[in-house]
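**Q** Got a file for you: my_file.cif, mmCIF, C-alpha atoms.
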```cif
data_query
#
loop_
_atom_site.group_PDB
_atom_site.id
_atom_site.type_symbol
_atom_site.label_atom_id
_atom_site.label_comp_id
_atom_site.auth_asym_id
_atom_site.auth_seq_id
_atom_site.Cartn_x
_atom_site.Cartn_y
_atom_site.Cartn_z
ATOM 1 C CA MET A 25 16.630 -29.682 5.244
ATOM 2 C CA ASP A 26 20.195 -28.369 5.076
ATOM 3 C CA GLU A 27 22.637 -28.374 8.011
ATOM 4 C CA LYS A 28 21.578 -24.879 9.052
ATOM 5 C CA ASP A 29 17.990 -26.061 9.569
ATOM 6 C CA ILE A 30 19.132 -29.229 11.320
ATOM 7 C CA ILE A 31 21.181 -27.166 13.794
ATOM 8 C CA ARG A 32 18.299 -24.708 14.269
ATOM 9 C CA TYR A 33 15.820 -27.435 15.160
ATOM 10 C CA PHE A 34 18.376 -29.300 17.239
ATOM 11 C CA ASP A 35 18.932 -26.132 19.285
ATOM 12 C CA PHE A 36 15.157 -25.723 19.551
ATOM 13 C CA THR A 37 14.855 -29.281 20.870
ATOM 14 C CA VAL A 38 17.557 -28.830 23.525
ATOM 15 C CA ASN A 39 16.229 -25.444 24.650
ATOM 16 C CA SER A 40 12.695 -26.869 24.865
ATOM 17 C CA LEU A 41 13.689 -29.353 27.570
ATOM 18 C CA SER A 42 12.368 -28.446 31.004
ATOM 19 C CA GLY A 43 15.524 -29.787 32.637
ATOM 20 C CA PRO A 44 18.939 -31.108 31.566
ATOM 21 C CA PHE A 45 18.438 -34.613 32.971
ATOM 22 C CA GLU A 46 15.064 -35.602 31.531
ATOM 23 C CA SER A 47 14.583 -38.226 28.822
ATOM 24 C CA PHE A 48 12.931 -36.962 25.661
ATOM 25 C CA SER A 49 11.705 -37.838 22.190
ATOM 26 C CA ILE A 50 12.842 -35.540 19.392
ATOM 27 C CA ASN A 51 9.833 -36.589 17.296
ATOM 28 C CA ASN A 52 7.403 -35.645 20.054
ATOM 29 C CA ILE A 53 9.036 -32.259 20.718
ATOM 30 C CA LEU A 54 9.007 -31.228 17.055
ATOM 31 C CA PHE A 55 5.649 -32.718 16.076
ATOM 32 C CA ASP A 56 3.652 -29.706 17.237
ATOM 33 C CA GLU A 57 5.986 -27.396 15.325
ATOM 34 C CA PHE A 58 5.369 -29.160 11.992
ATOM 35 C CA GLU A 59 2.012 -30.944 12.435
ATOM 36 C CA PRO A 60 2.640 -33.173 9.380
ATOM 37 C CA LYS A 61 -0.595 -34.348 7.779
ATOM 38 C CA SER A 62 0.087 -35.721 4.309
ATOM 39 C CA THR A 63 2.302 -38.683 3.562
ATOM 40 C CA SER A 64 5.007 -36.487 2.030
ATOM 41 C CA GLU A 65 4.938 -34.114 5.014
ATOM 42 C CA ARG A 66 5.317 -37.029 7.415
ATOM 43 C CA GLU A 67 8.235 -38.404 5.411
ATOM 44 C CA LYS A 68 10.013 -35.045 5.425
ATOM 45 C CA PHE A 69 9.310 -34.689 9.133
ATOM 46 C CA LEU A 70 10.726 -38.118 9.963
ATOM 47 C CA ASP A 71 13.788 -37.485 7.783
ATOM 48 C CA LEU A 72 14.429 -34.238 9.660
ATOM 49 C CA CYS A 73 14.072 -35.975 13.026
ATOM 50 C CA ASP A 74 16.514 -38.694 11.947
ATOM 51 C CA SER A 75 19.014 -36.034 10.792
ATOM 52 C CA ILE A 76 18.709 -34.220 14.113
ATOM 53 C CA LYS A 77 19.278 -37.443 16.050
ATOM 54 C CA THR A 78 22.355 -38.248 13.976
ATOM 55 C CA PHE A 79 23.676 -34.707 14.440
ATOM 56 C CA GLY A 80 23.174 -34.806 18.218
ATOM 57 C CA VAL A 81 24.811 -38.221 18.632
ATOM 58 C CA ASP A 82 27.717 -37.486 16.273
ATOM 59 C CA HIS A 83 28.530 -34.255 18.137
ATOM 60 C CA GLY A 84 28.351 -35.967 21.525
ATOM 61 C CA TYR A 85 25.340 -34.007 22.790
ATOM 62 C CA ILE A 86 22.784 -36.830 23.199
ATOM 63 C CA LYS A 87 22.750 -40.564 23.825
ATOM 64 C CA PHE A 88 20.132 -43.144 22.867
ATOM 65 C CA ILE A 89 18.427 -44.811 25.825
ATOM 66 C CA GLY A 90 15.530 -46.780 24.276
ATOM 67 C CA LYS A 91 12.575 -46.944 21.952
ATOM 68 C CA PRO A 92 8.959 -46.146 22.892
ATOM 69 C CA ALA A 93 5.913 -47.752 21.304
ATOM 70 C CA ASN A 94 6.027 -45.453 18.262
ATOM 71 C CA ASN A 95 9.692 -46.401 17.622
ATOM 72 C CA SER A 96 10.782 -42.753 17.528
ATOM 73 C CA GLY A 97 13.526 -43.200 20.137
ATOM 74 C CA TYR A 98 14.166 -41.724 23.571
ATOM 75 C CA PHE A 99 17.327 -39.818 24.342
ATOM 76 C CA LYS A 100 19.133 -38.082 27.193
ATOM 77 C CA LEU A 101 21.701 -35.314 27.167
ATOM 78 C CA THR A 102 25.333 -36.268 27.668
ATOM 79 C CA GLU A 103 27.560 -34.134 29.906
ATOM 80 C CA LYS A 104 28.417 -32.064 26.844
ATOM 81 C CA GLY A 105 24.719 -31.762 26.022
ATOM 82 C CA ILE A 106 24.026 -30.570 29.562
ATOM 83 C CA GLU A 107 26.672 -27.870 29.131
ATOM 84 C CA LEU A 108 25.032 -26.859 25.844
ATOM 85 C CA LYS A 109 21.643 -26.699 27.589
ATOM 86 C CA LYS A 110 23.045 -24.535 30.402
ATOM 87 C CA PHE A 111 24.850 -22.334 27.880
ATOM 88 C CA GLY A 112 21.516 -21.712 26.154
ATOM 89 C CA LYS A 113 22.879 -19.985 23.041
ATOM 90 C CA GLY A 114 22.972 -22.852 20.578
ATOM 91 C CA HIS A 115 25.477 -25.192 18.955
ATOM 92 C CA ASN A 116 27.292 -22.641 16.781
ATOM 93 C CA ARG A 117 28.152 -20.231 19.600
ATOM 94 C CA PHE A 118 28.936 -23.135 21.922
ATOM 95 C CA GLN A 119 31.434 -24.462 19.393
ATOM 96 C CA LYS A 120 32.929 -21.021 18.904
ATOM 97 C CA ILE A 121 33.793 -20.457 22.563
ATOM 98 C CA SER A 122 35.063 -24.027 22.872
ATOM 99 C CA LYS A 123 37.811 -23.679 20.260
ATOM 100 C CA LYS A 124 41.310 -23.966 21.609
ATOM 101 C CA GLU A 125 44.657 -22.634 20.409
ATOM 102 C CA PRO A 126 47.429 -25.142 19.476
ATOM 103 C CA LEU A 127 49.447 -26.037 22.545
ATOM 104 C CA THR A 128 52.829 -24.314 22.856
ATOM 105 C CA LYS A 129 55.872 -25.627 24.719
ATOM 106 C CA TYR A 130 54.750 -23.742 27.835
ATOM 107 C CA GLN A 131 51.303 -25.286 27.758
ATOM 108 C CA LYS A 132 52.701 -28.767 27.218
ATOM 109 C CA ILE A 133 54.886 -28.370 30.307
ATOM 110 C CA TYR A 134 52.658 -26.371 32.634
ATOM 111 C CA LEU A 135 49.268 -27.435 31.275
ATOM 112 C CA SER A 136 49.693 -31.179 31.133
ATOM 113 C CA LEU A 137 46.279 -31.594 32.677
ATOM 114 C CA PHE A 138 44.890 -29.198 30.080
ATOM 115 C CA ILE A 139 45.895 -31.747 27.429
ATOM 116 C CA VAL A 140 43.912 -34.332 29.355
ATOM 117 C CA PHE A 141 41.009 -31.953 29.802
ATOM 118 C CA GLY A 142 41.161 -30.755 26.184
ATOM 119 C CA ILE A 143 38.415 -33.232 25.402
ATOM 120 C CA ILE A 144 36.079 -31.508 27.868
ATOM 121 C CA THR A 145 34.800 -28.917 25.388
ATOM 122 C CA SER A 146 34.015 -31.556 22.790
ATOM 123 C CA TYR A 147 32.449 -34.110 25.084
ATOM 124 C CA GLY A 148 32.182 -32.590 28.561
ATOM 125 C CA VAL A 149 33.403 -35.462 30.771
ATOM 126 C CA ILE A 150 36.574 -37.471 31.303
ATOM 127 C CA LYS A 151 36.217 -41.091 30.259
ATOM 128 C CA ASN A 152 38.573 -43.994 29.767
ATOM 129 C CA LEU A 153 41.654 -42.158 30.992
ATOM 130 C CA GLY A 154 43.096 -45.207 32.784
ATOM 131 C CA ASN A 155 46.153 -44.380 34.785
ATOM 132 C CA GLN A 156 45.750 -40.645 34.078
ATOM 133 C CA ASP A 157 42.592 -40.688 36.173
ATOM 134 C CA LYS A 158 44.572 -42.192 39.055
ATOM 135 C CA ASP A 159 47.271 -39.550 38.686
ATOM 136 C CA ILE A 160 44.697 -36.756 38.783
ATOM 137 C CA GLU A 161 42.946 -38.234 41.814
ATOM 138 C CA SER A 162 46.283 -38.682 43.606
ATOM 139 C CA GLN A 163 47.133 -35.058 42.954
ATOM 140 C CA LYS A 164 43.742 -33.923 44.265
ATOM 141 C CA GLU A 165 44.188 -36.041 47.392
ATOM 142 C CA TYR A 166 47.666 -34.591 47.936
ATOM 143 C CA ILE A 167 46.429 -31.029 47.596
ATOM 144 C CA GLU A 168 43.453 -31.624 49.889
ATOM 145 C CA LYS A 169 45.644 -33.333 52.482
ATOM 146 C CA ASN A 170 48.374 -30.700 52.546
ATOM 147 C CA LYS A 171 46.183 -27.632 51.869
ATOM 148 C CA ASN A 172 49.254 -25.661 50.847
ATOM 149 C CA LEU A 173 48.002 -22.649 48.921
ATOM 150 C CA ARG A 174 44.527 -21.200 48.525
ATOM 151 C CA PHE A 175 43.758 -19.678 45.136
ATOM 152 C CA LYS A 176 40.845 -17.821 43.574
ATOM 153 C CA LEU A 177 40.124 -15.585 40.585
ATOM 154 C CA TYR A 178 38.547 -12.130 40.883
ATOM 155 C CA ASN A 179 36.932 -10.498 37.853
ATOM 156 C CA GLN A 180 37.291 -6.827 38.696
ATOM 157 C CA SER A 181 36.456 -5.745 35.134
ATOM 158 C CA GLU A 182 33.153 -4.597 33.651
ATOM 159 C CA TYR A 183 33.028 -7.610 31.315
ATOM 160 C CA LYS A 184 31.429 -10.993 31.841
ATOM 161 C CA LEU A 185 33.964 -13.779 31.306
ATOM 162 C CA GLU A 186 33.233 -17.149 29.708
ATOM 163 C CA ASN A 187 35.210 -20.394 29.403
ATOM 164 C CA VAL A 188 37.977 -19.209 31.737
ATOM 165 C CA THR A 189 41.138 -21.333 31.932
ATOM 166 C CA ILE A 190 43.850 -20.757 34.555
ATOM 167 C CA GLY A 191 47.147 -22.624 34.104
ATOM 168 C CA LEU A 192 49.211 -23.113 37.261
ATOM 169 C CA PRO A 193 52.429 -25.162 37.527
ATOM 170 C CA ASP A 194 50.671 -28.182 39.001
ATOM 171 C CA THR A 195 47.083 -27.948 37.867
ATOM 172 C CA VAL A 196 44.564 -26.320 35.551
ATOM 173 C CA LEU A 197 41.422 -24.596 36.772
ATOM 174 C CA ILE A 198 38.413 -24.156 34.475
ATOM 175 C CA TYR A 199 35.509 -21.808 35.169
ATOM 176 C CA PRO A 200 32.638 -21.866 32.635
ATOM 177 C CA TYR A 201 31.443 -18.369 33.595
ATOM 178 C CA LEU A 202 32.439 -15.505 35.876
ATOM 179 C CA ASP A 203 30.277 -12.403 36.109
ATOM 180 C CA ARG A 204 31.750 -8.906 36.369
ATOM 181 C CA GLN A 205 32.816 -7.753 39.821
ATOM 182 C CA THR A 206 32.597 -11.308 41.174
ATOM 183 C CA GLN A 207 35.094 -13.925 42.290
ATOM 184 C CA THR A 208 35.376 -17.696 42.414
ATOM 185 C CA ASN A 209 35.452 -19.817 45.539
ATOM 186 C CA TRP A 210 38.779 -20.623 47.144
ATOM 187 C CA THR A 211 40.553 -23.661 45.684
ATOM 188 C CA TYR A 212 43.553 -25.445 47.181
ATOM 189 C CA VAL A 213 46.521 -25.839 44.807
ATOM 190 C CA LYS A 214 50.087 -27.080 45.343
ATOM 191 C CA SER A 215 51.836 -23.925 44.156
ATOM 192 C CA ALA A 216 51.517 -20.855 41.933
ATOM 193 C CA TYR A 217 53.451 -17.798 40.806
ATOM 194 C CA HIS A 218 52.172 -14.236 40.947
ATOM 195 C CA TYR A 219 51.114 -14.626 37.300
ATOM 196 C CA GLY A 220 50.281 -17.549 35.045
ATOM 197 C CA PHE A 221 48.467 -18.700 31.936
ATOM 198 C CA VAL A 222 45.061 -16.995 31.842
ATOM 199 C CA ARG A 223 42.608 -17.320 28.975
ATOM 200 C CA PHE A 224 38.948 -16.385 28.647
ATOM 201 C CA PHE A 225 36.303 -15.237 26.171
ATOM 202 C CA ASP A 226 33.897 -12.326 26.399
ATOM 203 C CA THR A 227 30.191 -12.739 25.643
ATOM 204 C CA LYS A 228 30.819 -11.868 21.985
ATOM 205 C CA GLY A 229 33.246 -14.767 21.593
ATOM 206 C CA ASN A 230 36.402 -12.611 21.574
ATOM 207 C CA LYS A 231 39.419 -14.368 23.080
ATOM 208 C CA TYR A 232 41.890 -12.888 25.564
ATOM 209 C CA PHE A 233 44.949 -14.605 27.012
ATOM 210 C CA ILE A 234 48.234 -14.126 28.817
ATOM 211 C CA GLN A 235 50.890 -16.780 28.323
ATOM 212 C CA PRO A 236 54.106 -16.553 30.395
ATOM 213 C CA VAL A 237 57.302 -17.619 28.650
ATOM 214 C CA ASP A 238 58.945 -19.048 31.771
ATOM 215 C CA TYR A 239 59.374 -18.505 35.512
ATOM 216 C CA VAL A 240 63.155 -18.194 35.603
ATOM 217 C CA GLY A 241 64.191 -16.287 38.732
ATOM 218 C CA GLU A 242 60.667 -16.354 40.165
ATOM 219 C CA LYS A 243 59.757 -17.984 43.465
ATOM 220 C CA ALA A 244 56.545 -19.956 43.672
ATOM 221 C CA PHE A 245 53.999 -19.413 46.443
ATOM 222 C CA GLU A 246 53.343 -22.667 48.305
ATOM 223 C CA ASN A 247 51.172 -21.472 51.184
ATOM 224 C CA GLY A 248 48.941 -18.553 52.079
ATOM 225 C CA ASP A 249 46.234 -16.959 49.911
ATOM 226 C CA LEU A 250 46.727 -15.907 46.286
ATOM 227 C CA ILE A 251 44.198 -14.052 44.127
ATOM 228 C CA PHE A 252 44.568 -13.460 40.392
ATOM 229 C CA ILE A 253 42.741 -10.238 39.491
ATOM 230 C CA VAL A 254 41.464 -9.534 35.977
ATOM 231 C CA LYS A 255 41.379 -5.748 35.796
ATOM 232 C CA SER A 256 40.885 -3.436 32.827
ATOM 233 C CA ILE A 257 40.002 -5.144 29.523
ATOM 234 C CA ASP A 258 40.740 -3.598 26.129
ATOM 235 C CA SER A 259 38.169 -5.137 23.778
ATOM 236 C CA VAL A 260 39.690 -3.419 20.724
ATOM 237 C CA ASN A 261 43.198 -4.851 21.082
ATOM 238 C CA LYS A 262 42.011 -8.012 22.896
ATOM 239 C CA ILE A 263 44.298 -7.485 25.882
ATOM 240 C CA PHE A 264 43.743 -7.176 29.627
ATOM 241 C CA GLU A 265 45.597 -6.331 32.819
ATOM 242 C CA LEU A 266 46.312 -9.153 35.252
ATOM 243 C CA ASP A 267 47.151 -8.243 38.838
ATOM 244 C CA PHE A 268 47.488 -10.337 41.985
ATOM 245 C CA ASP A 269 47.016 -10.120 45.737
ATOM 246 C CA TYR A 270 48.961 -12.415 48.048
ATOM 247 C CA LYS A 271 48.800 -12.884 51.799
ATOM 248 C CA ASN A 272 50.979 -15.287 53.698
ATOM 249 C CA LYS A 273 49.201 -16.985 56.581
#
```
Turn the structure described in the file into structure tokens.

**A**
Amino acid sequence: MDEKDIIRYFDFTVNSLSGPFESFSINNILFDEFEPKSTSEREKFLDLCDSIKTFGVDHGYIKFIGKPANNSGYFKLTEKGIELKKFGKGHNRFQKISKKEPLTKYQKIYLSLFIVFGIITSYGVIKNLGNQDKDIESQKEYIEKNKNLRFKLYNQSEYKLENVTIGLPDTVLIYPYLDRQTQTNWTYVKSAYHYGFVRFFDTKGNKYFIQPVDYVGEKAFENGDLIFIVKSIDSVNKIFELDFDYKNK
């Protein structure tokens, strides 16, 4: 089996799971698909299963949890694997929408948390961040305590948005999916300008983004309600209109 077949049957295995949190045996799931009878068929089948296990572990989708009586191995999905399961469109498309552009000076300054969260699309959870975890938690506690500014994103366009990233001066907001003519829940943030870093993908994997150069001369909102509005989208030129609505309490 080449890599294409390994990915195909790995995707089949993940999509066959009844839920994202169940334990499973790759051998058991695929056995009915192949029904190996001869010795050579069984050897090829077991080799394929081993390749699929290696692929899933190496890409951070599954983790080994134990061996059953037949020694085939039980696994569970990692956080990244759960995202793949929810995505439902396979490894290749999942990887495509997870690709990120090299960080510019703006992103390094205003998206410091995005650097920390950059590992999310390749593994799905934050682990072993040490003091950075404490910094993030302190920031969340500060925002929740002070409740300065409420923020949300409204997709006013006729396109479904995927893998949406919003970069604000003090935090980064990530929304895996936002349907057309819908909006996110309110989120408390420390501050924001009437525009910011906005990046998303459409359902065909096309990328759209707005990246401010700086905020010289601009005054940040620190209280009230702010809504970023994604309006008309030009799928040919890969551009979109970003508007805002602000109300001071």

**Q** Identify all residues satisfying the PyMOL selection byres ((chain A and resi 180-191) around 10) in the given file; provide them as a PDB file with C-alpha atoms, in the coordinates of the input.

**A**
```pdb
ATOM      1  CA  ILE A 121      33.793 -20.457  22.563  1.00  0.00           C
ATOM      2  CA  SER A 122      35.063 -24.027  22.872  1.00  0.00           C
ATOM      3  CA  TYR A 130      54.750 -23.742  27.835  1.00  0.00           C
ATOM      4  CA  GLN A 131      51.303 -25.286  27.758  1.00  0.00           C
ATOM      5  CA  TYR A 134      52.658 -26.371  32.634  1.00  0.00           C
ATOM      6  CA  LEU A 135      49.268 -27.435  31.275  1.00  0.00           C
ATOM      7  CA  SER A 136      49.693 -31.179  31.133  1.00  0.00           C
ATOM      8  CA  LEU A 137      46.279 -31.594  32.677  1.00  0.00           C
ATOM      9  CA  PHE A 138      44.890 -29.198  30.080  1.00  0.00           C
ATOM     10  CA  THR A 145      34.800 -28.917  25.388  1.00  0.00           C
ATOM     11  CA  LYS A 176      40.845 -17.821  43.574  1.00  0.00           C
ATOM     12  CA  LEU A 177      40.124 -15.585  40.585  1.00  0.00           C
ATOM     13  CA  TYR A 178      38.547 -12.130  40.883  1.00  0.00           C
ATOM     14  CA  ASN A 179      36.932 -10.498  37.853  1.00  0.00           C
ATOM     15  CA  LEU A 192      49.211 -23.113  37.261  1.00  0.00           C
ATOM     16  CA  PRO A 193      52.429 -25.162  37.527  1.00  0.00           C
ATOM     17  CA  ASP A 194      50.671 -28.182  39.001  1.00  0.00           C
ATOM     18  CA  THR A 195      47.083 -27.948  37.867  1.00  0.00           C
ATOM     19  CA  VAL A 196      44.564 -26.320  35.551  1.00  0.00           C
ATOM     20  CA  LEU A 197      41.422 -24.596  36.772  1.00  0.00           C
ATOM     21  CA  ILE A 198      38.413 -24.156  34.475  1.00  0.00           C
ATOM     22  CA  TYR A 199      35.509 -21.808  35.169  1.00  0.00           C
ATOM     23  CA  PRO A 200      32.638 -21.866  32.635  1.00  0.00           C
ATOM     24  CA  TYR A 201      31.443 -18.369  33.595  1.00  0.00           C
ATOM     25  CA  LEU A 202      32.439 -15.505  35.876  1.00  0.00           C
ATOM     26  CA  ASP A 203      30.277 -12.403  36.109  1.00  0.00           C
ATOM     27  CA  ARG A 204      31.750  -8.906  36.369  1.00  0.00           C
ATOM     28  CA  GLN A 205      32.816  -7.753  39.821  1.00  0.00           C
ATOM     29  CA  THR A 206      32.597 -11.308  41.174  1.00  0.00           C
ATOM     30  CA  GLN A 207      35.094 -13.925  42.290  1.00  0.00           C
ATOM     31  CA  ALA A 216      51.517 -20.855  41.933  1.00  0.00           C
ATOM     32  CA  TYR A 219      51.114 -14.626  37.300  1.00  0.00           C
ATOM     33  CA  GLY A 220      50.281 -17.549  35.045  1.00  0.00           C
ATOM     34  CA  PHE A 221      48.467 -18.700  31.936  1.00  0.00           C
ATOM     35  CA  VAL A 222      45.061 -16.995  31.842  1.00  0.00           C
ATOM     36  CA  ARG A 223      42.608 -17.320  28.975  1.00  0.00           C
ATOM     37  CA  PHE A 224      38.948 -16.385  28.647  1.00  0.00           C
ATOM     38  CA  PHE A 225      36.303 -15.237  26.171  1.00  0.00           C
ATOM     39  CA  ASP A 226      33.897 -12.326  26.399  1.00  0.00           C
ATOM     40  CA  THR A 227      30.191 -12.739  25.643  1.00  0.00           C
ATOM     41  CA  LYS A 228      30.819 -11.868  21.985  1.00  0.00           C
ATOM     42  CA  GLY A 229      33.246 -14.767  21.593  1.00  0.00           C
ATOM     43  CA  ASN A 230      36.402 -12.611  21.574  1.00  0.00           C
ATOM     44  CA  LYS A 231      39.419 -14.368  23.080  1.00  0.00           C
ATOM     45  CA  TYR A 232      41.890 -12.888  25.564  1.00  0.00           C
ATOM     46  CA  PHE A 233      44.949 -14.605  27.012  1.00  0.00           C
ATOM     47  CA  ILE A 234      48.234 -14.126  28.817  1.00  0.00           C
ATOM     48  CA  GLN A 235      50.890 -16.780  28.323  1.00  0.00           C
ATOM     49  CA  PRO A 236      54.106 -16.553  30.395  1.00  0.00           C
ATOM     50  CA  PHE A 252      44.568 -13.460  40.392  1.00  0.00           C
ATOM     51  CA  ILE A 253      42.741 -10.238  39.491  1.00  0.00           C
ATOM     52  CA  VAL A 254      41.464  -9.534  35.977  1.00  0.00           C
ATOM     53  CA  LYS A 255      41.379  -5.748  35.796  1.00  0.00           C
ATOM     54  CA  SER A 256      40.885  -3.436  32.827  1.00  0.00           C
ATOM     55  CA  ILE A 257      40.002  -5.144  29.523  1.00  0.00           C
ATOM     56  CA  SER A 259      38.169  -5.137  23.778  1.00  0.00           C
ATOM     57  CA  PHE A 264      43.743  -7.176  29.627  1.00  0.00           C
ATOM     58  CA  GLU A 265      45.597  -6.331  32.819  1.00  0.00           C
ATOM     59  CA  LEU A 266      46.312  -9.153  35.252  1.00  0.00           C
ATOM     60  CA  ASP A 267      47.151  -8.243  38.838  1.00  0.00           C
TER      61      ASP A 267
END
```

**Q** Hey, can I get the axis-aligned box for segment 209-224 of chain A? All listed atoms, 6 Å padding on each side, centre and edge lengths in Å to one decimal, as lines of an AutoDock Vina configuration file.

**A**
```
center_x = 44.5
center_y = -20.7
center_z = 37.9
size_x = 30.0
size_y = 24.8
size_z = 30.5
```

**Q** Might you pull out every residue within 8 Å of Phe118 of chain A, with only C-alpha atoms counted and same-chain residues fewer than 5 positions away left off, and present them as a list in words?

**A** Leu108, Phe111 and Lys113 of chain A

**Q** Could you tell me, as a list in words, exactly which residues end up selected when the PyMOL selection byres ((chain A and resi 31) around 9) is applied to this structure?

**A**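 This file, filtered by the PyMOL selection byres ((chain A and resi 31) around 9), leaves Asp26, Glu27, Lys28, Asp29, Ile30, Arg32, Tyr33, Phe34, Asp35, Phe36, Ile76, Phe79, Gly114, His115 and Asn116 of chain A.
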
**Q** Would you mind telling me which residue in A:Phe69, A:Glu242, A:Asp249, A:Gly80 lies nearest to Trp210 of chain A when using all atoms listed in the file?

**A** A:Asp249

**Q** If I take atom CA of Lys120 of chain A and atom CA of Thr208 of chain A, how far is one from the other in Å, to one decimal?

**A**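 So the two atoms, atom CA of Lys120 of chain A and atom CA of Thr208 of chain A, lie 23.9 Å apart.
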
**Q** Residues picked by the PyMOL selection byres ((chain A and resi 55-58) around 12) here, as a list in words?

**A**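 So the PyMOL selection byres ((chain A and resi 55-58) around 12) ends up selecting Tyr33, Phe36, Thr37, Ser40, Ser49, Ile50, Asn51, Asn52, Ile53, Leu54, Glu59, Pro60, Lys61, Ser62, Glu65, Arg66, Glu67, Lys68, Phe69, Leu70, Leu72, Cys73 and Ser96 of chain A.
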
**Q** Include C-alpha atoms and write out the residues we just selected as an mmCIF file, in the coordinates of the input.

**A**
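New file result_30.cif:
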```cif
data_model
loop_
_atom_site.group_PDB
_atom_site.id
_atom_site.type_symbol
_atom_site.label_atom_id
_atom_site.label_comp_id
_atom_site.auth_asym_id
_atom_site.auth_seq_id
_atom_site.Cartn_x
_atom_site.Cartn_y
_atom_site.Cartn_z
ATOM 1 C CA TYR A 33 15.820 -27.435 15.160
ATOM 2 C CA PHE A 36 15.157 -25.723 19.551
ATOM 3 C CA THR A 37 14.855 -29.281 20.870
ATOM 4 C CA SER A 40 12.695 -26.869 24.865
ATOM 5 C CA SER A 49 11.705 -37.838 22.190
ATOM 6 C CA ILE A 50 12.842 -35.540 19.392
ATOM 7 C CA ASN A 51 9.833 -36.589 17.296
ATOM 8 C CA ASN A 52 7.403 -35.645 20.054
ATOM 9 C CA ILE A 53 9.036 -32.259 20.718
ATOM 10 C CA LEU A 54 9.007 -31.228 17.055
ATOM 11 C CA GLU A 59 2.012 -30.944 12.435
ATOM 12 C CA PRO A 60 2.640 -33.173 9.380
ATOM 13 C CA LYS A 61 -0.595 -34.348 7.779
ATOM 14 C CA SER A 62 0.087 -35.721 4.309
ATOM 15 C CA GLU A 65 4.938 -34.114 5.014
ATOM 16 C CA ARG A 66 5.317 -37.029 7.415
ATOM 17 C CA GLU A 67 8.235 -38.404 5.411
ATOM 18 C CA LYS A 68 10.013 -35.045 5.425
ATOM 19 C CA PHE A 69 9.310 -34.689 9.133
ATOM 20 C CA LEU A 70 10.726 -38.118 9.963
ATOM 21 C CA LEU A 72 14.429 -34.238 9.660
ATOM 22 C CA CYS A 73 14.072 -35.975 13.026
ATOM 23 C CA SER A 96 10.782 -42.753 17.528
#
```

**Q** Rounded to one decimal, what separation in Å do you get between atom CA of Gly248 of chain A and atom CA of Ile263 of chain A?

**A**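 Taking atom CA of Gly248 of chain A and atom CA of Ile263 of chain A, their separation equals 28.8 Å.
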
**Q** Choose the residue, out of A:Tyr270, A:Tyr239, A:Phe175, A:Phe245, that has the smallest atom-to-atom separation from Tyr212 of chain A; count only C-alpha atoms.

**A** A:Phe175

**Q** Expressed in Å to a single decimal, how great is the separation between atom CA of Val38 of chain A and atom CA of Gly90 of chain A?

**A**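 Between these atoms lies a distance of 18.1 Å.
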
**Q** Within 6 Å of segment 41-48 of chain A, counting only C-alpha atoms, which residues qualify if same-chain residues fewer than 3 places away don't, as a JSON list (two decimals) with C-alpha atoms, in the coordinates of the input?

**A**
```
[["chain", "number", "residue", "atom", "x", "y", "z"],
["A", 38, "VAL", "CA", 17.56, -28.83, 23.52],
["A", 98, "TYR", "CA", 14.17, -41.72, 23.57],
["A", 99, "PHE", "CA", 17.33, -39.82, 24.34],
["A", 100, "LYS", "CA", 19.13, -38.08, 27.19],
["A", 106, "ILE", "CA", 24.03, -30.57, 29.56]]
```

**Q** Find the spatial neighbours of Glu246 of chain A, counting only C-alpha atoms, within a cut-off of 9 Å - ignore same-chain residues fewer than 3 positions away - and output them as a ChimeraX atom specification.

**A** /A:172-174,213-217

**Q** List the spatial neighbours of Leu101 of chain A as a PyMOL selection string - criterion: any atom at most 6 Å away, only C-alpha atoms, same-chain residues fewer than 4 positions off excluded.

**A** chain A and resi 85-86+105-106

**Q** Keeping only C-alpha atoms, write the selected residues as an mmCIF file, in the frame of the given file.

**A**
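And here is the file that came out, result_31.cif:
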```cif
data_model
loop_
_atom_site.group_PDB
_atom_site.id
_atom_site.type_symbol
_atom_site.label_atom_id
_atom_site.label_comp_id
_atom_site.auth_asym_id
_atom_site.auth_seq_id
_atom_site.Cartn_x
_atom_site.Cartn_y
_atom_site.Cartn_z
ATOM 1 C CA TYR A 85 25.340 -34.007 22.790
ATOM 2 C CA ILE A 86 22.784 -36.830 23.199
ATOM 3 C CA GLY A 105 24.719 -31.762 26.022
ATOM 4 C CA ILE A 106 24.026 -30.570 29.562
#
```

**Q** Considering all atoms listed in the file, state which residue in the set A:Asp258, A:Ile251, A:Lys87, A:Gly241 is at the smallest distance from Thr211 of chain A.

**A**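 The answer is A:Ile251, which sits nearest to Thr211 of chain A.
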